[in-house]
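Below is one structure, written out as structure tokens; comments come after it.
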Amino acid sequence: ADIPILTIDGPGGAGKGTISNLIAERTGWHLLDSGALYRLTAHAALKHAIALDNEASLAQLAARLDVAFPVTDGQSQTLLEGEDVSRAIRTEQAGERASRVAALPSVRQALLQRQRDFYQAPGLVADGRDMGTVVFTEAPLKIFLTASADERARRRHLQLQEAGVDASLSSLLKEIQARDARDTQRSVAPLKPADDAIVLDTTRLSIPEVVDRLTELLAQRG
Ligand code: C5P
């Protein structure tokens, strides 16, 4: 019970992924990218032709998900049934499908233990929507990372541009708003800060500023 843990929840595009990676690197702790598990479940459903509203089959699929996150030369990969899906699960469409699958209670239940298994020495950075409210309720330090929807759309736009992908800012904003709505309004594990979470609005903060702030908080609480 003395293994340190930091939970980082928040809406899509707030920088959780980047920040969680950097903190995990800095601390040497494990990293749980819980969104990837929902993205992988949705991807596996597509592959096995399971409809995204077939809750029982999707839960079975989630429970048996054959995934691996090997790291080679500092680059982490995501394998589904041995196939490299690192890029395929990162598209906006994959995110949209993930959020539909994530709204199903038995899918969330099926992924619960798999997420808790990441909690191992020397520590864990857990990135998601319900890390502090459901999966790791005992975590001593819970962060809720947000930014305005406009700023999140702008960041995603920049990210896509850098990756050579054309996307319109206004359609990205619409997608972000739609995903926010689905994630905050679902009946099970809706996106919201835990009662004991520290809410950090990053709209006007740079990535190093956020990392420094979190490192400070970890030092105070750790
Ligand atoms: O964080 P990411 O964009 O990869 O997550 C994809 C989707 O998975 C989210 O929009 C959300 O619906 C779902 N998710 C979730 N609970 C988590 C992580 C992600 O419901 N802990």
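Chain labels A, B, ... are given in the sequence in which chains occur in the structure tokens; within each chain residues are numbered consecutively from 1, and ligands are likewise numbered from 1 in the order shown.
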Residues within 6 Å of ligand 1 should be enumerated using only C-alpha atoms and all ligand atoms and returned as a ChimeraX atom specification. /A:12,34-36,38-39,95,98-99,102,128-131,179,183
Let's see if you can do this: from backbone DSSP, list all strand (DSSP E or B) residues in segment 8-222 of chain A, as a ChimeraX atom specification. /A:8-9,30-33,67-68,71-72,75-76,79-80,83-84,124-128,141-146,198-201
Same residues, C-alpha atoms, saved as a PDB file, in the first residue's frame:
```
ATOM      1  CA  ILE A   8      -4.566  12.286 -13.943  1.00  0.00           C
ATOM      2  CA  ASP A   9      -8.114  12.602 -15.235  1.00  0.00           C
ATOM      3  CA  HIS A  30       4.617   2.638 -14.686  1.00  0.00           C
ATOM      4  CA  LEU A  31       2.114   4.347 -16.939  1.00  0.00           C
ATOM      5  CA  LEU A  32      -1.500   3.313 -17.381  1.00  0.00           C
ATOM      6  CA  ASP A  33      -3.075   4.819 -20.507  1.00  0.00           C
ATOM      7  CA  VAL A  67      -2.771  -6.518 -25.784  1.00  0.00           C
ATOM      8  CA  ALA A  68       0.852  -5.695 -25.169  1.00  0.00           C
ATOM      9  CA  VAL A  71       8.973  -0.545 -25.561  1.00  0.00           C
ATOM     10  CA  THR A  72      11.782  -0.649 -28.126  1.00  0.00           C
ATOM     11  CA  GLN A  75       9.395   4.066 -28.395  1.00  0.00           C
ATOM     12  CA  SER A  76       6.328   2.378 -26.985  1.00  0.00           C
ATOM     13  CA  LEU A  79      -0.043  -4.492 -30.057  1.00  0.00           C
ATOM     14  CA  LEU A  80      -3.499  -6.003 -30.441  1.00  0.00           C
ATOM     15  CA  GLU A  83      -0.603  -6.594 -34.617  1.00  0.00           C
ATOM     16  CA  ASP A  84       0.817  -3.062 -34.322  1.00  0.00           C
ATOM     17  CA  LEU A 124       2.041   4.380 -11.165  1.00  0.00           C
ATOM     18  CA  VAL A 125       0.839   7.321 -13.212  1.00  0.00           C
ATOM     19  CA  ALA A 126      -2.772   6.546 -14.185  1.00  0.00           C
ATOM     20  CA  ASP A 127      -4.225   8.564 -17.063  1.00  0.00           C
ATOM     21  CA  GLY A 128      -7.937   8.559 -17.899  1.00  0.00           C
ATOM     22  CA  LEU A 141      -2.825  12.733  -5.178  1.00  0.00           C
ATOM     23  CA  LYS A 142      -5.511  13.156  -7.837  1.00  0.00           C
ATOM     24  CA  ILE A 143      -5.231  15.689 -10.612  1.00  0.00           C
ATOM     25  CA  PHE A 144      -8.031  16.839 -12.892  1.00  0.00           C
ATOM     26  CA  LEU A 145      -6.451  18.419 -15.950  1.00  0.00           C
ATOM     27  CA  THR A 146      -8.657  20.654 -18.071  1.00  0.00           C
ATOM     28  CA  ILE A 198      -6.872  19.176  -7.565  1.00  0.00           C
ATOM     29  CA  VAL A 199      -8.261  20.861 -10.658  1.00  0.00           C
ATOM     30  CA  LEU A 200      -5.587  22.305 -12.910  1.00  0.00           C
ATOM     31  CA  ASP A 201      -6.693  24.461 -15.838  1.00  0.00           C
TER      32      ASP A 201
END
```
For segment 164-177 of chain A, list every protein, DNA or RNA residue within 12 Å, evaluated using only C-alpha atoms, and leave out those in the same chain fewer than 3 positions away; present the list as a PDB file with C-alpha atoms, in the first residue's frame.
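Written out: around.pdb:
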```pdb
ATOM      1  CA  PRO A  11     -11.336  15.620 -20.938  1.00  0.00           C
ATOM      2  CA  GLY A  12      -9.689  14.675 -24.225  1.00  0.00           C
ATOM      3  CA  GLY A  13      -7.061  17.052 -25.538  1.00  0.00           C
ATOM      4  CA  ALA A  14      -6.183  18.586 -22.157  1.00  0.00           C
ATOM      5  CA  THR A  91      -7.510   8.638 -35.020  1.00  0.00           C
ATOM      6  CA  GLU A  92     -10.462  10.870 -34.055  1.00  0.00           C
ATOM      7  CA  GLN A  93     -12.775   8.169 -35.332  1.00  0.00           C
ATOM      8  CA  ALA A  94     -11.142   5.577 -33.070  1.00  0.00           C
ATOM      9  CA  GLY A  95     -11.600   7.982 -30.148  1.00  0.00           C
ATOM     10  CA  GLU A  96     -15.238   8.445 -30.986  1.00  0.00           C
ATOM     11  CA  ARG A  97     -15.808   4.671 -31.140  1.00  0.00           C
ATOM     12  CA  SER A  99     -16.174   6.682 -26.103  1.00  0.00           C
ATOM     13  CA  ALA A 147      -8.424  23.369 -20.695  1.00  0.00           C
ATOM     14  CA  SER A 148     -11.078  25.280 -22.616  1.00  0.00           C
ATOM     15  CA  ALA A 149     -12.600  23.361 -25.541  1.00  0.00           C
ATOM     16  CA  ASP A 150     -11.221  25.986 -27.951  1.00  0.00           C
ATOM     17  CA  GLU A 151      -7.707  25.544 -26.623  1.00  0.00           C
ATOM     18  CA  ARG A 152      -7.988  21.731 -26.746  1.00  0.00           C
ATOM     19  CA  ALA A 153      -9.173  21.885 -30.359  1.00  0.00           C
ATOM     20  CA  ARG A 154      -6.271  24.217 -31.182  1.00  0.00           C
ATOM     21  CA  ARG A 155      -3.757  21.816 -29.587  1.00  0.00           C
ATOM     22  CA  ARG A 156      -5.158  18.809 -31.386  1.00  0.00           C
ATOM     23  CA  HIS A 157      -5.110  20.731 -34.645  1.00  0.00           C
ATOM     24  CA  LEU A 158      -1.425  21.547 -34.134  1.00  0.00           C
ATOM     25  CA  GLN A 159      -0.660  17.913 -33.246  1.00  0.00           C
ATOM     26  CA  LEU A 160      -2.378  16.689 -36.404  1.00  0.00           C
ATOM     27  CA  GLN A 161      -0.630  19.294 -38.538  1.00  0.00           C
ATOM     28  CA  ASP A 180     -17.101  15.818 -23.790  1.00  0.00           C
ATOM     29  CA  ALA A 181     -20.875  15.566 -23.773  1.00  0.00           C
ATOM     30  CA  ARG A 182     -20.853  11.783 -24.067  1.00  0.00           C
ATOM     31  CA  ASP A 183     -18.142  11.365 -21.422  1.00  0.00           C
ATOM     32  CA  THR A 184     -19.718  13.717 -18.852  1.00  0.00           C
ATOM     33  CA  GLN A 185     -23.330  12.656 -19.359  1.00  0.00           C
TER      34      GLN A 185
END
```
Between A:Leu61, A:Leu214, A:Ala178, A:Leu111, which one has atoms that come closest to Ala42 of chain A, using only C-alpha atoms?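 For Ala42 of chain A, the nearest of the given residues is A:Leu61.
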Choose the residue, out of A:Val134, A:Leu218, A:Ala139, A:Ala88, that has the smallest atom-to-atom separation from Leu112 of chain A; count only C-alpha atoms.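 For Leu112 of chain A, the nearest of the candidates is A:Val134.
Residue neighbourhood of Leu22 of chain A, excluding near-sequence residues (fewer than 3 positions): Gly15, Lys16, Gly17, Thr18, Ile19, Glu25, Arg26, Thr27, Gly28, Trp29, His30, Leu31, Val125, Asp127, Ile207, Pro208, Glu209, Val210, Val211, Asp212, Leu214 and Thr215 of chain A, at 12 Å, using only C-alpha atoms.
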Using N, CA and C atoms, can you export the residues from the last selection as a short mmCIF file (atom, residue, chain, number, x, y, z; two decimals), in the first residue's frame?
```
data_model
loop_
_atom_site.label_atom_id
_atom_site.label_comp_id
_atom_site.auth_asym_id
_atom_site.auth_seq_id
_atom_site.Cartn_x
_atom_site.Cartn_y
_atom_site.Cartn_z
N GLY A 15 -4.09 17.43 -22.60
CA GLY A 15 -2.65 17.21 -22.46
C GLY A 15 -2.30 16.10 -21.50
N LYS A 16 -3.30 15.33 -21.08
CA LYS A 16 -3.05 14.26 -20.10
C LYS A 16 -2.01 13.26 -20.58
N GLY A 17 -2.13 12.85 -21.84
CA GLY A 17 -1.23 11.84 -22.38
C GLY A 17 0.21 12.29 -22.32
N THR A 18 0.45 13.48 -22.86
CA THR A 18 1.80 14.05 -22.88
C THR A 18 2.34 14.22 -21.46
N ILE A 19 1.53 14.81 -20.60
CA ILE A 19 1.96 15.08 -19.22
C ILE A 19 2.22 13.77 -18.49
N GLU A 25 8.21 9.24 -17.07
CA GLU A 25 9.63 9.23 -17.42
C GLU A 25 10.46 9.79 -16.28
N ARG A 26 10.00 10.91 -15.73
CA ARG A 26 10.75 11.60 -14.70
C ARG A 26 10.83 10.77 -13.41
N THR A 27 9.75 10.07 -13.08
CA THR A 27 9.70 9.31 -11.83
C THR A 27 10.17 7.87 -12.02
N GLY A 28 10.12 7.36 -13.25
CA GLY A 28 10.43 5.96 -13.48
C GLY A 28 9.28 5.03 -13.12
N TRP A 29 8.07 5.61 -12.93
CA TRP A 29 6.91 4.80 -12.57
C TRP A 29 6.27 4.20 -13.81
N HIS A 30 5.39 3.22 -13.59
CA HIS A 30 4.62 2.64 -14.69
C HIS A 30 3.60 3.66 -15.16
N LEU A 31 3.11 3.45 -16.37
CA LEU A 31 2.11 4.35 -16.94
C LEU A 31 0.90 3.53 -17.37
N VAL A 125 1.56 6.14 -12.72
CA VAL A 125 0.84 7.32 -13.21
C VAL A 125 -0.35 6.78 -13.99
N ASP A 127 -3.65 7.53 -16.20
CA ASP A 127 -4.23 8.56 -17.06
C ASP A 127 -5.59 8.12 -17.57
N ILE A 207 3.48 22.97 -21.41
CA ILE A 207 3.70 21.60 -20.93
C ILE A 207 4.74 21.57 -19.78
N PRO A 208 5.91 22.22 -19.94
CA PRO A 208 6.87 22.21 -18.83
C PRO A 208 6.31 22.83 -17.54
N GLU A 209 5.46 23.85 -17.69
CA GLU A 209 4.86 24.48 -16.50
C GLU A 209 3.96 23.49 -15.77
N VAL A 210 3.20 22.71 -16.54
CA VAL A 210 2.31 21.73 -15.91
C VAL A 210 3.13 20.63 -15.23
N VAL A 211 4.16 20.15 -15.93
CA VAL A 211 5.01 19.09 -15.37
C VAL A 211 5.67 19.57 -14.07
N ASP A 212 6.17 20.81 -14.07
CA ASP A 212 6.80 21.35 -12.86
C ASP A 212 5.80 21.44 -11.71
N LEU A 214 3.10 19.66 -11.22
CA LEU A 214 2.77 18.32 -10.73
C LEU A 214 3.94 17.73 -9.94
N THR A 215 5.16 17.99 -10.40
CA THR A 215 6.33 17.49 -9.68
C THR A 215 6.39 18.10 -8.27
#
```
Mind the document's chain letters and residue numbers, and return as a PyMOL selection string the residues of segment 7-170 of chain A that DSSP labels alpha helix (DSSP H). chain A and resi 16-27+34-47+55-64+92-101+105-116+149-162+169-170
